[in-house]
>>> print(open('final33.txt').read())   # compact mmCIF, N, CA and C atoms
# COMPACT_ATOMS: atom_id res chain seq x y z
N MET A 16 89.76 119.41 123.57
CA MET A 16 90.86 118.50 123.40
C MET A 16 90.46 117.10 123.88
N ALA A 17 91.03 116.12 123.24
CA ALA A 17 90.74 114.74 123.60
C ALA A 17 91.42 114.37 124.91
N THR A 18 90.78 113.51 125.68
CA THR A 18 91.41 112.94 126.86
C THR A 18 91.73 111.49 126.52
N THR A 19 93.03 111.18 126.52
CA THR A 19 93.48 109.84 126.17
C THR A 19 94.25 109.28 127.36
N THR A 20 93.76 108.19 127.89
CA THR A 20 94.35 107.57 129.07
C THR A 20 94.89 106.19 128.70
N VAL A 21 96.09 105.92 129.15
CA VAL A 21 96.74 104.63 128.91
C VAL A 21 96.97 103.96 130.25
N THR A 22 96.60 102.68 130.34
CA THR A 22 96.81 101.91 131.57
C THR A 22 97.47 100.59 131.20
N ILE A 23 98.47 100.22 131.97
CA ILE A 23 99.09 98.91 131.80
C ILE A 23 99.13 98.23 133.16
N THR A 24 98.81 96.96 133.16
CA THR A 24 98.82 96.16 134.38
C THR A 24 99.67 94.92 134.14
N LEU A 25 100.61 94.67 135.04
CA LEU A 25 101.42 93.45 135.03
C LEU A 25 101.11 92.69 136.30
N SER A 26 100.70 91.44 136.14
CA SER A 26 100.39 90.66 137.34
C SER A 26 100.78 89.20 137.13
N SER A 27 101.22 88.58 138.22
CA SER A 27 101.57 87.17 138.20
C SER A 27 101.62 86.67 139.63
N THR A 28 101.17 85.44 139.81
CA THR A 28 101.26 84.83 141.14
C THR A 28 102.45 83.90 141.27
N ASP A 29 103.13 83.61 140.12
CA ASP A 29 104.22 82.63 140.20
C ASP A 29 105.50 83.01 139.46
N LEU A 30 105.61 84.23 139.00
CA LEU A 30 106.82 84.66 138.31
C LEU A 30 107.95 84.94 139.31
N LEU A 31 107.60 85.55 140.42
CA LEU A 31 108.56 85.92 141.46
C LEU A 31 108.25 85.13 142.72
N SER A 32 109.08 85.31 143.74
CA SER A 32 108.82 84.64 145.01
C SER A 32 107.59 85.25 145.70
N ASP A 33 107.27 86.50 145.39
CA ASP A 33 106.05 87.15 145.88
C ASP A 33 105.15 87.45 144.69
N GLU A 34 103.91 87.73 144.95
CA GLU A 34 102.97 88.09 143.89
C GLU A 34 103.41 89.40 143.22
N LEU A 35 103.32 89.43 141.91
CA LEU A 35 103.62 90.63 141.14
C LEU A 35 102.30 91.32 140.80
N ALA A 36 102.19 92.58 141.16
CA ALA A 36 100.98 93.35 140.87
C ALA A 36 101.37 94.80 140.65
N LEU A 37 101.61 95.15 139.37
CA LEU A 37 101.98 96.51 139.01
C LEU A 37 100.91 97.09 138.10
N SER A 38 100.57 98.33 138.32
CA SER A 38 99.63 99.01 137.45
C SER A 38 100.01 100.48 137.40
N THR A 39 100.01 101.03 136.21
CA THR A 39 100.29 102.44 136.07
C THR A 39 99.39 103.03 134.99
N THR A 40 99.04 104.28 135.17
CA THR A 40 98.14 104.98 134.26
C THR A 40 98.76 106.33 133.90
N ALA A 41 98.62 106.72 132.66
CA ALA A 41 99.10 108.04 132.22
C ALA A 41 98.04 108.67 131.33
N THR A 42 97.88 109.97 131.46
CA THR A 42 97.03 110.73 130.55
C THR A 42 97.96 111.41 129.55
N LEU A 43 97.73 111.19 128.26
CA LEU A 43 98.60 111.73 127.23
C LEU A 43 98.30 113.20 127.01
N THR A 44 99.34 114.03 127.12
CA THR A 44 99.19 115.47 126.95
C THR A 44 100.26 116.02 126.01
N LYS A 45 100.01 117.22 125.50
CA LYS A 45 101.04 117.90 124.71
C LYS A 45 102.22 118.19 125.63
N PRO A 46 103.44 118.12 125.10
CA PRO A 46 104.63 118.34 125.94
C PRO A 46 104.55 119.66 126.70
N GLY A 47 104.80 119.61 128.01
CA GLY A 47 104.86 120.79 128.84
C GLY A 47 103.53 121.42 129.17
N THR A 48 102.42 120.74 128.87
CA THR A 48 101.10 121.31 129.15
C THR A 48 100.20 120.25 129.78
N SER A 49 99.01 120.66 130.15
CA SER A 49 98.01 119.71 130.61
C SER A 49 96.93 119.52 129.55
N THR A 50 97.18 120.04 128.35
CA THR A 50 96.25 119.91 127.24
C THR A 50 96.42 118.56 126.57
N GLY A 51 95.31 117.88 126.35
CA GLY A 51 95.36 116.54 125.75
C GLY A 51 95.87 116.54 124.32
N VAL A 52 96.49 115.42 123.93
CA VAL A 52 96.92 115.25 122.54
C VAL A 52 95.68 115.21 121.67
N GLU A 53 95.84 115.61 120.41
CA GLU A 53 94.64 115.75 119.59
C GLU A 53 94.73 115.16 118.19
N TYR A 54 95.79 114.45 117.90
CA TYR A 54 95.94 113.89 116.56
C TYR A 54 96.27 112.40 116.64
N THR A 55 95.84 111.69 115.61
CA THR A 55 96.16 110.27 115.50
C THR A 55 96.22 109.90 114.02
N THR A 56 96.95 108.85 113.74
CA THR A 56 96.97 108.33 112.37
C THR A 56 95.73 107.50 112.12
N GLY A 57 94.98 107.18 113.19
CA GLY A 57 93.87 106.25 113.09
C GLY A 57 94.42 104.84 113.24
N LEU A 58 93.57 103.95 113.67
CA LEU A 58 93.98 102.56 113.85
C LEU A 58 94.06 101.88 112.49
N SER A 59 95.21 101.32 112.18
CA SER A 59 95.43 100.66 110.90
C SER A 59 95.79 99.20 111.10
N ARG A 60 95.47 98.41 110.11
CA ARG A 60 95.92 97.01 110.05
C ARG A 60 96.50 96.79 108.66
N LYS A 61 97.74 96.32 108.64
CA LYS A 61 98.40 96.08 107.36
C LYS A 61 99.07 94.73 107.36
N LYS A 62 98.94 94.03 106.23
CA LYS A 62 99.65 92.77 106.04
C LYS A 62 101.11 93.11 105.77
N ILE A 63 102.01 92.46 106.51
CA ILE A 63 103.44 92.71 106.36
C ILE A 63 103.99 91.66 105.39
N ASN A 64 104.17 92.09 104.13
CA ASN A 64 104.62 91.19 103.07
C ASN A 64 106.13 91.09 102.94
N ALA A 65 106.84 92.18 103.27
CA ALA A 65 108.29 92.19 103.09
C ALA A 65 108.95 91.18 104.03
N THR A 66 109.96 90.49 103.52
CA THR A 66 110.69 89.51 104.34
C THR A 66 112.06 90.02 104.78
N GLU A 67 112.37 91.26 104.39
CA GLU A 67 113.65 91.85 104.80
C GLU A 67 113.52 93.36 104.78
N LYS A 68 114.52 94.01 105.37
CA LYS A 68 114.57 95.46 105.37
C LYS A 68 114.70 95.96 103.93
N GLY A 69 114.18 97.14 103.67
CA GLY A 69 114.32 97.71 102.34
C GLY A 69 113.06 98.41 101.88
N SER A 70 113.04 98.75 100.60
CA SER A 70 111.96 99.58 100.06
C SER A 70 110.60 98.91 100.09
N SER A 71 110.55 97.58 100.16
CA SER A 71 109.24 96.90 100.20
C SER A 71 108.69 96.78 101.62
N ALA A 72 109.49 97.13 102.63
CA ALA A 72 109.02 97.06 104.02
C ALA A 72 107.92 98.10 104.24
N THR A 73 107.00 97.80 105.13
CA THR A 73 105.85 98.65 105.40
C THR A 73 106.23 99.81 106.32
N THR A 74 105.96 101.03 105.88
CA THR A 74 106.22 102.20 106.72
C THR A 74 105.08 102.34 107.72
N ILE A 75 105.44 102.41 109.01
CA ILE A 75 104.42 102.58 110.04
C ILE A 75 104.48 103.96 110.68
N TYR A 76 105.60 104.66 110.53
CA TYR A 76 105.72 106.03 111.01
C TYR A 76 106.81 106.72 110.20
N THR A 77 106.52 107.93 109.73
CA THR A 77 107.49 108.72 108.98
C THR A 77 108.06 109.80 109.90
N ALA A 78 109.38 109.94 109.89
CA ALA A 78 110.06 110.90 110.76
C ALA A 78 109.38 112.27 110.73
N ASP A 79 109.19 112.81 111.93
CA ASP A 79 108.66 114.15 112.14
C ASP A 79 107.22 114.36 111.70
N ASP A 80 106.45 113.26 111.51
CA ASP A 80 105.02 113.41 111.23
C ASP A 80 104.30 114.06 112.41
N PHE A 81 104.76 113.77 113.60
CA PHE A 81 104.18 114.33 114.82
C PHE A 81 105.28 115.03 115.60
N ALA A 82 104.88 116.05 116.36
CA ALA A 82 105.83 116.70 117.26
C ALA A 82 106.12 115.73 118.41
N ALA A 83 107.27 115.90 119.05
CA ALA A 83 107.59 115.03 120.18
C ALA A 83 106.58 115.31 121.29
N ILE A 84 106.08 114.40 121.99
CA ILE A 84 106.36 112.99 121.99
C ILE A 84 105.19 112.26 121.34
N PRO A 85 105.41 111.56 120.22
CA PRO A 85 104.34 110.70 119.72
C PRO A 85 104.35 109.37 120.47
N TYR A 86 103.18 108.77 120.55
CA TYR A 86 103.02 107.47 121.20
C TYR A 86 102.62 106.46 120.15
N LEU A 87 103.29 105.33 120.14
CA LEU A 87 103.08 104.30 119.13
C LEU A 87 102.48 103.06 119.77
N TYR A 88 101.33 102.63 119.24
CA TYR A 88 100.71 101.37 119.63
C TYR A 88 100.95 100.39 118.49
N LEU A 89 101.38 99.16 118.82
CA LEU A 89 101.64 98.11 117.83
C LEU A 89 101.12 96.78 118.36
N LYS A 90 100.58 95.95 117.45
CA LYS A 90 100.20 94.59 117.84
C LYS A 90 100.35 93.66 116.64
N ASN A 91 101.04 92.54 116.87
CA ASN A 91 101.11 91.48 115.87
C ASN A 91 99.88 90.61 116.10
N THR A 92 98.93 90.66 115.17
CA THR A 92 97.66 89.94 115.35
C THR A 92 97.76 88.45 115.01
N ASN A 93 98.90 88.01 114.51
CA ASN A 93 99.08 86.60 114.16
C ASN A 93 98.98 85.74 115.42
N VAL A 94 98.50 84.51 115.28
CA VAL A 94 98.35 83.62 116.43
C VAL A 94 99.35 82.47 116.44
N THR A 95 100.19 82.36 115.41
CA THR A 95 101.16 81.27 115.34
C THR A 95 102.51 81.73 115.88
N VAL A 96 102.95 81.12 116.97
CA VAL A 96 104.23 81.47 117.58
C VAL A 96 105.34 81.35 116.54
N GLY A 97 106.21 82.33 116.50
CA GLY A 97 107.32 82.34 115.55
C GLY A 97 107.06 83.21 114.33
N ASN A 98 105.82 83.62 114.12
CA ASN A 98 105.50 84.52 113.00
C ASN A 98 105.73 85.96 113.47
N LYS A 99 107.00 86.32 113.51
CA LYS A 99 107.42 87.60 114.09
C LYS A 99 107.35 88.74 113.07
N ILE A 100 107.14 89.92 113.62
CA ILE A 100 107.25 91.17 112.87
C ILE A 100 108.38 91.96 113.51
N PHE A 101 109.31 92.41 112.67
CA PHE A 101 110.42 93.23 113.14
C PHE A 101 110.17 94.68 112.74
N ILE A 102 110.41 95.59 113.67
CA ILE A 102 110.30 97.02 113.42
C ILE A 102 111.72 97.57 113.44
N TYR A 103 112.05 98.35 112.40
CA TYR A 103 113.41 98.89 112.35
C TYR A 103 113.39 100.37 112.03
N ASP A 104 114.50 101.02 112.36
CA ASP A 104 114.69 102.45 112.16
C ASP A 104 115.30 102.64 110.77
N ASP A 105 114.50 103.15 109.85
CA ASP A 105 114.95 103.35 108.47
C ASP A 105 115.67 104.68 108.26
N SER A 106 115.82 105.47 109.33
CA SER A 106 116.48 106.78 109.22
C SER A 106 117.95 106.74 109.59
N THR A 107 118.37 105.69 110.25
CA THR A 107 119.72 105.60 110.77
C THR A 107 120.54 104.62 109.93
N SER A 108 121.79 104.94 109.72
CA SER A 108 122.69 104.09 108.95
C SER A 108 122.69 102.68 109.53
N GLY A 109 122.54 101.69 108.66
CA GLY A 109 122.53 100.30 109.08
C GLY A 109 121.14 99.78 109.41
N ASP A 110 120.13 100.65 109.40
CA ASP A 110 118.74 100.25 109.67
C ASP A 110 118.62 99.38 110.92
N PRO A 111 119.01 99.90 112.10
CA PRO A 111 118.98 99.07 113.30
C PRO A 111 117.56 98.60 113.65
N THR A 112 117.48 97.34 114.10
CA THR A 112 116.21 96.80 114.55
C THR A 112 115.81 97.50 115.84
N TRP A 113 114.57 97.94 115.89
CA TRP A 113 114.04 98.69 117.01
C TRP A 113 113.34 97.76 118.00
N LEU A 114 112.57 96.80 117.47
CA LEU A 114 111.92 95.81 118.31
C LEU A 114 111.36 94.68 117.46
N GLN A 115 110.98 93.59 118.12
CA GLN A 115 110.32 92.48 117.42
C GLN A 115 109.07 92.10 118.19
N LEU A 116 108.05 91.72 117.45
CA LEU A 116 106.78 91.31 118.03
C LEU A 116 106.49 89.89 117.56
N ASP A 117 106.43 88.94 118.48
CA ASP A 117 106.02 87.59 118.13
C ASP A 117 104.49 87.58 118.06
N ALA A 118 103.92 86.48 117.65
CA ALA A 118 102.47 86.37 117.52
C ALA A 118 101.79 86.79 118.82
N GLY A 119 100.82 87.71 118.73
CA GLY A 119 100.09 88.18 119.89
C GLY A 119 100.77 89.26 120.70
N ASP A 120 102.05 89.53 120.45
CA ASP A 120 102.76 90.57 121.20
C ASP A 120 102.27 91.95 120.80
N TRP A 121 102.38 92.88 121.73
CA TRP A 121 101.97 94.26 121.48
C TRP A 121 102.87 95.19 122.28
N GLY A 122 102.78 96.45 121.97
CA GLY A 122 103.53 97.45 122.72
C GLY A 122 102.87 98.80 122.62
N PHE A 123 103.11 99.62 123.62
CA PHE A 123 102.69 101.02 123.61
C PHE A 123 103.90 101.81 124.04
N ILE A 124 104.44 102.63 123.13
CA ILE A 124 105.77 103.18 123.32
C ILE A 124 105.78 104.69 123.11
N PRO A 125 106.19 105.46 124.13
CA PRO A 125 106.47 106.87 123.87
C PRO A 125 107.79 106.93 123.12
N MET A 126 107.83 107.69 122.05
CA MET A 126 109.05 107.65 121.24
C MET A 126 109.47 109.05 120.83
N HIS A 127 110.71 109.16 120.45
CA HIS A 127 111.20 110.39 119.85
C HIS A 127 110.76 110.34 118.40
N GLY A 128 110.14 111.38 117.92
CA GLY A 128 109.49 111.33 116.61
C GLY A 128 110.36 111.59 115.41
N ASP A 129 111.69 111.50 115.55
CA ASP A 129 112.56 111.87 114.44
C ASP A 129 113.06 110.70 113.60
N LYS A 130 112.47 109.52 113.77
CA LYS A 130 112.90 108.33 113.02
C LYS A 130 111.75 107.78 112.19
N THR A 131 112.06 107.31 110.99
CA THR A 131 111.08 106.59 110.19
C THR A 131 111.16 105.12 110.58
N LEU A 132 110.00 104.55 110.92
CA LEU A 132 109.95 103.15 111.34
C LEU A 132 109.25 102.33 110.27
N ARG A 133 109.83 101.17 109.97
CA ARG A 133 109.28 100.27 108.97
C ARG A 133 109.22 98.87 109.53
N ALA A 134 108.39 98.01 108.91
CA ALA A 134 108.16 96.65 109.41
C ALA A 134 108.39 95.62 108.33
N TYR A 135 108.90 94.45 108.75
CA TYR A 135 109.03 93.29 107.86
C TYR A 135 108.85 92.02 108.67
N ALA A 136 108.54 90.93 107.99
CA ALA A 136 108.33 89.62 108.63
C ALA A 136 109.24 88.61 107.95
N PRO A 137 110.37 88.27 108.56
CA PRO A 137 111.39 87.47 107.89
C PRO A 137 110.98 86.06 107.47
N ASN A 138 109.96 85.46 108.11
CA ASN A 138 109.64 84.08 107.71
C ASN A 138 108.56 84.02 106.63
N GLY A 139 108.13 85.17 106.11
CA GLY A 139 107.20 85.18 104.98
C GLY A 139 105.79 84.74 105.32
N SER A 140 105.40 84.87 106.59
CA SER A 140 104.07 84.42 107.02
C SER A 140 102.97 85.45 106.77
N ASP A 141 103.34 86.64 106.28
CA ASP A 141 102.40 87.73 106.00
C ASP A 141 101.50 88.06 107.19
N PRO A 142 102.07 88.25 108.38
CA PRO A 142 101.24 88.59 109.54
C PRO A 142 100.61 89.98 109.38
N ILE A 143 99.57 90.22 110.15
CA ILE A 143 98.90 91.51 110.14
C ILE A 143 99.42 92.32 111.33
N LEU A 144 99.87 93.54 111.04
CA LEU A 144 100.31 94.46 112.09
C LEU A 144 99.20 95.50 112.31
N GLU A 145 98.76 95.60 113.54
CA GLU A 145 97.80 96.63 113.92
C GLU A 145 98.62 97.75 114.57
N PHE A 146 98.38 99.00 114.18
CA PHE A 146 99.18 100.08 114.73
C PHE A 146 98.46 101.42 114.67
N MET A 147 98.92 102.35 115.53
CA MET A 147 98.37 103.68 115.57
C MET A 147 99.40 104.59 116.25
N VAL A 148 99.48 105.83 115.76
CA VAL A 148 100.31 106.84 116.41
C VAL A 148 99.38 107.91 116.94
N ILE A 149 99.64 108.33 118.18
CA ILE A 149 98.86 109.37 118.83
C ILE A 149 99.84 110.46 119.24
N GLY A 150 99.48 111.73 119.01
CA GLY A 150 100.39 112.78 119.41
C GLY A 150 99.91 114.17 119.05
N THR A 151 100.89 115.05 118.94
CA THR A 151 100.65 116.44 118.62
C THR A 151 101.16 116.68 117.20
N ASP A 152 100.33 117.27 116.37
CA ASP A 152 100.70 117.50 114.97
C ASP A 152 101.83 118.52 114.89
N GLN A 153 102.65 118.39 113.85
CA GLN A 153 103.75 119.35 113.62
C GLN A 153 103.22 120.67 113.17
>>> encode(input="final33.txt", output="structure tokens")
Amino acid sequence: MATTTVTITLSSTDLLSDELALSTTATLTKPGTSTGVEYTTGLSRKKINATEKGSSATTIYTADDFAAIPYLYLKNTNVTVGNKIFIYDDSTSGDPTWLQLDAGDWGFIPMHGDKTLRAYAPNGSDPILEFMVIGTDQ
């Protein structure tokens, strides 16, 4: 089984009245076990052409492709501030927005795998979204 380790560090000397220094690490495992996760969609990069929610939006995860808990990595590779990518839940009535990534923003998110997630870029800048899902196959 693969060993997949995720580390995030938050640090700042001037955000708070004291220095901020947080770091946490997790090893990704199958739910309820110490066995490592073994599946991934592979790292993808896609140009986000759609400017609104709907059938032309880019699918980045299809509901139930992975057993819970899948982990989603996302990065807006654009360098121009304001060239945002919006991620929304295409499985729920009203297509609620799940998150937005401005230029250079990224996220690593443990998620419930029962929603289809799609992406669009409302200002038509065609940014590139880098993404990957890691988890346990259904």
>>> residues_around(input="final33.txt", residues="Asn93 of chain A", least_positions_apart="2", cutoff="6.5 Å", atoms="all atoms listed in the file", output="list of chain:residue names")
A:Lys90, A:Asn91, A:Thr95, A:Val96, A:Asp117, A:Ala118, A:Gly119, A:Pro142, A:Ile143
>>> select_by_dssp(input="final33.txt", residues="chain A", states="strand (DSSP E or B)", output="MDAnalysis selection string")
chainID A and resid 19:27 35:44 51 54:55 59:62 73:76 81:91 100:104 112:116 121:125 132:135 143:152
>>> residues_around(input="final33.txt", residues="Phe81 of chain A", least_positions_apart="5", cutoff="8 Å", atoms="only N, CA and C atoms", output="PDB file with N, CA and C atoms, keeping the file's coordinate frame")
ATOM      1  N   HIS A 127     110.710 109.160 120.450  1.00  0.00           N
ATOM      2  CA  HIS A 127     111.200 110.390 119.850  1.00  0.00           C
ATOM      3  C   HIS A 127     110.760 110.340 118.400  1.00  0.00           C
ATOM      4  N   GLY A 128     110.140 111.380 117.920  1.00  0.00           N
ATOM      5  CA  GLY A 128     109.490 111.330 116.610  1.00  0.00           C
ATOM      6  C   GLY A 128     110.360 111.590 115.410  1.00  0.00           C
ATOM      7  N   ASP A 129     111.690 111.500 115.550  1.00  0.00           N
ATOM      8  CA  ASP A 129     112.560 111.870 114.440  1.00  0.00           C
ATOM      9  C   ASP A 129     113.060 110.700 113.600  1.00  0.00           C
ATOM     10  N   ILE A 149      99.640 108.330 118.180  1.00  0.00           N
ATOM     11  CA  ILE A 149      98.860 109.370 118.830  1.00  0.00           C
ATOM     12  C   ILE A 149      99.840 110.460 119.240  1.00  0.00           C
ATOM     13  N   GLY A 150      99.480 111.730 119.010  1.00  0.00           N
ATOM     14  CA  GLY A 150     100.390 112.780 119.410  1.00  0.00           C
ATOM     15  C   GLY A 150      99.910 114.170 119.050  1.00  0.00           C
ATOM     16  N   THR A 151     100.890 115.050 118.940  1.00  0.00           N
ATOM     17  CA  THR A 151     100.650 116.440 118.620  1.00  0.00           C
ATOM     18  C   THR A 151     101.160 116.680 117.200  1.00  0.00           C
ATOM     19  N   ASP A 152     100.330 117.270 116.370  1.00  0.00           N
ATOM     20  CA  ASP A 152     100.700 117.500 114.970  1.00  0.00           C
ATOM     21  C   ASP A 152     101.830 118.520 114.890  1.00  0.00           C
ATOM     22  N   GLN A 153     102.650 118.390 113.850  1.00  0.00           N
ATOM     23  CA  GLN A 153     103.750 119.350 113.620  1.00  0.00           C
ATOM     24  C   GLN A 153     103.220 120.670 113.170  1.00  0.00           C
TER      25      GLN A 153
END
>>> closest_residue(input="final33.txt", among="A:Phe146, A:Tyr103, A:Trp113, A:Tyr76", to="Leu89 of chain A", atoms="all atoms listed in the file")
A:Phe146
>>> residues_around(input="final33.txt", residues="Glu145 of chain A", least_positions_apart="6", cutoff="12 Å", atoms="only C-alpha atoms", output="PDB file with N, CA and C atoms, in the frame of the given file")
ATOM      1  N   THR A  56      96.950 108.850 113.740  1.00  0.00           N
ATOM      2  CA  THR A  56      96.970 108.330 112.370  1.00  0.00           C
ATOM      3  C   THR A  56      95.730 107.500 112.120  1.00  0.00           C
ATOM      4  N   GLY A  57      94.980 107.180 113.190  1.00  0.00           N
ATOM      5  CA  GLY A  57      93.870 106.250 113.090  1.00  0.00           C
ATOM      6  C   GLY A  57      94.420 104.840 113.240  1.00  0.00           C
ATOM      7  N   LEU A  58      93.570 103.950 113.670  1.00  0.00           N
ATOM      8  CA  LEU A  58      93.980 102.560 113.850  1.00  0.00           C
ATOM      9  C   LEU A  58      94.060 101.880 112.490  1.00  0.00           C
ATOM     10  N   SER A  59      95.210 101.320 112.180  1.00  0.00           N
ATOM     11  CA  SER A  59      95.430 100.660 110.900  1.00  0.00           C
ATOM     12  C   SER A  59      95.790  99.200 111.100  1.00  0.00           C
ATOM     13  N   ARG A  60      95.470  98.410 110.110  1.00  0.00           N
ATOM     14  CA  ARG A  60      95.920  97.010 110.050  1.00  0.00           C
ATOM     15  C   ARG A  60      96.500  96.790 108.660  1.00  0.00           C
ATOM     16  N   LYS A  61      97.740  96.320 108.640  1.00  0.00           N
ATOM     17  CA  LYS A  61      98.400  96.080 107.360  1.00  0.00           C
ATOM     18  C   LYS A  61      99.070  94.730 107.360  1.00  0.00           C
ATOM     19  N   LYS A  62      98.940  94.030 106.230  1.00  0.00           N
ATOM     20  CA  LYS A  62      99.650  92.770 106.040  1.00  0.00           C
ATOM     21  C   LYS A  62     101.110  93.110 105.770  1.00  0.00           C
ATOM     22  N   ILE A  63     102.010  92.460 106.510  1.00  0.00           N
ATOM     23  CA  ILE A  63     103.440  92.710 106.360  1.00  0.00           C
ATOM     24  C   ILE A  63     103.990  91.660 105.390  1.00  0.00           C
ATOM     25  N   THR A  73     107.000  97.800 105.130  1.00  0.00           N
ATOM     26  CA  THR A  73     105.850  98.650 105.400  1.00  0.00           C
ATOM     27  C   THR A  73     106.230  99.810 106.320  1.00  0.00           C
ATOM     28  N   ILE A  75     105.440 102.410 109.010  1.00  0.00           N
ATOM     29  CA  ILE A  75     104.420 102.580 110.040  1.00  0.00           C
ATOM     30  C   ILE A  75     104.480 103.960 110.680  1.00  0.00           C
ATOM     31  N   LEU A  87     103.290 105.330 120.140  1.00  0.00           N
ATOM     32  CA  LEU A  87     103.080 104.300 119.130  1.00  0.00           C
ATOM     33  C   LEU A  87     102.480 103.060 119.770  1.00  0.00           C
ATOM     34  N   TYR A  88     101.330 102.630 119.240  1.00  0.00           N
ATOM     35  CA  TYR A  88     100.710 101.370 119.630  1.00  0.00           C
ATOM     36  C   TYR A  88     100.950 100.390 118.490  1.00  0.00           C
ATOM     37  N   LEU A  89     101.380  99.160 118.820  1.00  0.00           N
ATOM     38  CA  LEU A  89     101.640  98.110 117.830  1.00  0.00           C
ATOM     39  C   LEU A  89     101.120  96.780 118.360  1.00  0.00           C
ATOM     40  N   LYS A  90     100.580  95.950 117.450  1.00  0.00           N
ATOM     41  CA  LYS A  90     100.200  94.590 117.840  1.00  0.00           C
ATOM     42  C   LYS A  90     100.350  93.660 116.640  1.00  0.00           C
ATOM     43  N   ASN A  91     101.040  92.540 116.870  1.00  0.00           N
ATOM     44  CA  ASN A  91     101.110  91.480 115.870  1.00  0.00           C
ATOM     45  C   ASN A  91      99.880  90.610 116.100  1.00  0.00           C
ATOM     46  N   THR A  92      98.930  90.660 115.170  1.00  0.00           N
ATOM     47  CA  THR A  92      97.660  89.940 115.350  1.00  0.00           C
ATOM     48  C   THR A  92      97.760  88.450 115.010  1.00  0.00           C
ATOM     49  N   ASN A  93      98.900  88.010 114.510  1.00  0.00           N
ATOM     50  CA  ASN A  93      99.080  86.600 114.160  1.00  0.00           C
ATOM     51  C   ASN A  93      98.980  85.740 115.420  1.00  0.00           C
ATOM     52  N   ILE A 100     107.140  89.920 113.620  1.00  0.00           N
ATOM     53  CA  ILE A 100     107.250  91.170 112.870  1.00  0.00           C
ATOM     54  C   ILE A 100     108.380  91.960 113.510  1.00  0.00           C
ATOM     55  N   LEU A 116     108.050  91.720 117.450  1.00  0.00           N
ATOM     56  CA  LEU A 116     106.780  91.310 118.030  1.00  0.00           C
ATOM     57  C   LEU A 116     106.490  89.890 117.560  1.00  0.00           C
ATOM     58  N   ALA A 118     103.920  86.480 117.650  1.00  0.00           N
ATOM     59  CA  ALA A 118     102.470  86.370 117.520  1.00  0.00           C
ATOM     60  C   ALA A 118     101.790  86.790 118.820  1.00  0.00           C
ATOM     61  N   GLY A 119     100.820  87.710 118.730  1.00  0.00           N
ATOM     62  CA  GLY A 119     100.090  88.180 119.890  1.00  0.00           C
ATOM     63  C   GLY A 119     100.770  89.260 120.700  1.00  0.00           C
ATOM     64  N   ASP A 120     102.050  89.530 120.450  1.00  0.00           N
ATOM     65  CA  ASP A 120     102.760  90.570 121.200  1.00  0.00           C
ATOM     66  C   ASP A 120     102.270  91.950 120.800  1.00  0.00           C
ATOM     67  N   TRP A 121     102.380  92.880 121.730  1.00  0.00           N
ATOM     68  CA  TRP A 121     101.970  94.260 121.480  1.00  0.00           C
ATOM     69  C   TRP A 121     102.870  95.190 122.280  1.00  0.00           C
ATOM     70  N   GLY A 122     102.780  96.450 121.970  1.00  0.00           N
ATOM     71  CA  GLY A 122     103.530  97.450 122.720  1.00  0.00           C
ATOM     72  C   GLY A 122     102.870  98.800 122.620  1.00  0.00           C
ATOM     73  N   PHE A 123     103.110  99.620 123.620  1.00  0.00           N
ATOM     74  CA  PHE A 123     102.690 101.020 123.610  1.00  0.00           C
ATOM     75  C   PHE A 123     103.900 101.810 124.040  1.00  0.00           C
ATOM     76  N   ALA A 134     108.390  98.010 108.910  1.00  0.00           N
ATOM     77  CA  ALA A 134     108.160  96.650 109.410  1.00  0.00           C
ATOM     78  C   ALA A 134     108.390  95.620 108.330  1.00  0.00           C
TER      79      ALA A 134
END
>>> residues_around(input="final33.txt", residues="Val21 of chain A", least_positions_apart="2", cutoff="6 Å", atoms="all atoms listed in the file", output="list in words")
Thr19, Ile23, Thr39, Thr40, Ala41, Thr42 and Leu43 of chain A
>>> axis_aligned_box(input="final33.txt", around="segment 47-66 of chain A", padding_each_side="8 Å", output="AutoDock Vina command-line options")
--center_x 102.8 --center_y 105.5 --center_z 116.8 --size_x 34.5 --size_y 47.9 --size_z 43.7
>>> atom_distance(input="final33.txt", atom1="atom C of Asp80 of chain A", atom2="atom C of Glu67 of chain A")
23.9 Å
>>> residues_around(input="final33.txt", residues="segment 106-108 of chain A", least_positions_apart="5", cutoff="7 Å", atoms="only N, CA and C atoms", output="number ranges by chain")
A: 129-132
>>> atom_distance(input="final33.txt", atom1="atom N of Ala36 of chain A", atom2="atom C of Ile124 of chain A")
22.0 Å
>>> atom_distance(input="final33.txt", atom1="atom CA of Lys99 of chain A", atom2="atom N of Leu144 of chain A")
10.1 Å
>>> closest_residue(input="final33.txt", among="A:Thr24, A:Ser71, A:Gln115, A:Asn64", to="Ser140 of chain A", atoms="only C-alpha atoms")
A:Asn64
>>> decode(input="final33.txt", residues="segment 18-23 of chain A", atoms="N, CA and C atoms", output="PDB file, in the first residue's frame")
ATOM      1  N   THR A  18       2.147   4.956   0.945  1.00  0.00           N
ATOM      2  CA  THR A  18       2.174   5.832   2.105  1.00  0.00           C
ATOM      3  C   THR A  18       2.101   7.255   1.576  1.00  0.00           C
ATOM      4  N   THR A  19       1.022   7.946   1.938  1.00  0.00           N
ATOM      5  CA  THR A  19       0.806   9.308   1.471  1.00  0.00           C
ATOM      6  C   THR A  19       0.713  10.217   2.688  1.00  0.00           C
ATOM      7  N   THR A  20       1.618  11.164   2.768  1.00  0.00           N
ATOM      8  CA  THR A  20       1.685  12.070   3.908  1.00  0.00           C
ATOM      9  C   THR A  20       1.400  13.492   3.435  1.00  0.00           C
ATOM     10  N   VAL A  21       0.561  14.171   4.194  1.00  0.00           N
ATOM     11  CA  VAL A  21       0.202  15.561   3.895  1.00  0.00           C
ATOM     12  C   VAL A  21       0.674  16.424   5.050  1.00  0.00           C
ATOM     13  N   THR A  22       1.344  17.528   4.728  1.00  0.00           N
ATOM     14  CA  THR A  22       1.809  18.463   5.746  1.00  0.00           C
ATOM     15  C   THR A  22       1.398  19.867   5.333  1.00  0.00           C
ATOM     16  N   ILE A  23       0.894  20.617   6.287  1.00  0.00           N
ATOM     17  CA  ILE A  23       0.587  22.020   6.043  1.00  0.00           C
ATOM     18  C   ILE A  23       1.242  22.842   7.155  1.00  0.00           C
TER      19      ILE A  23
END
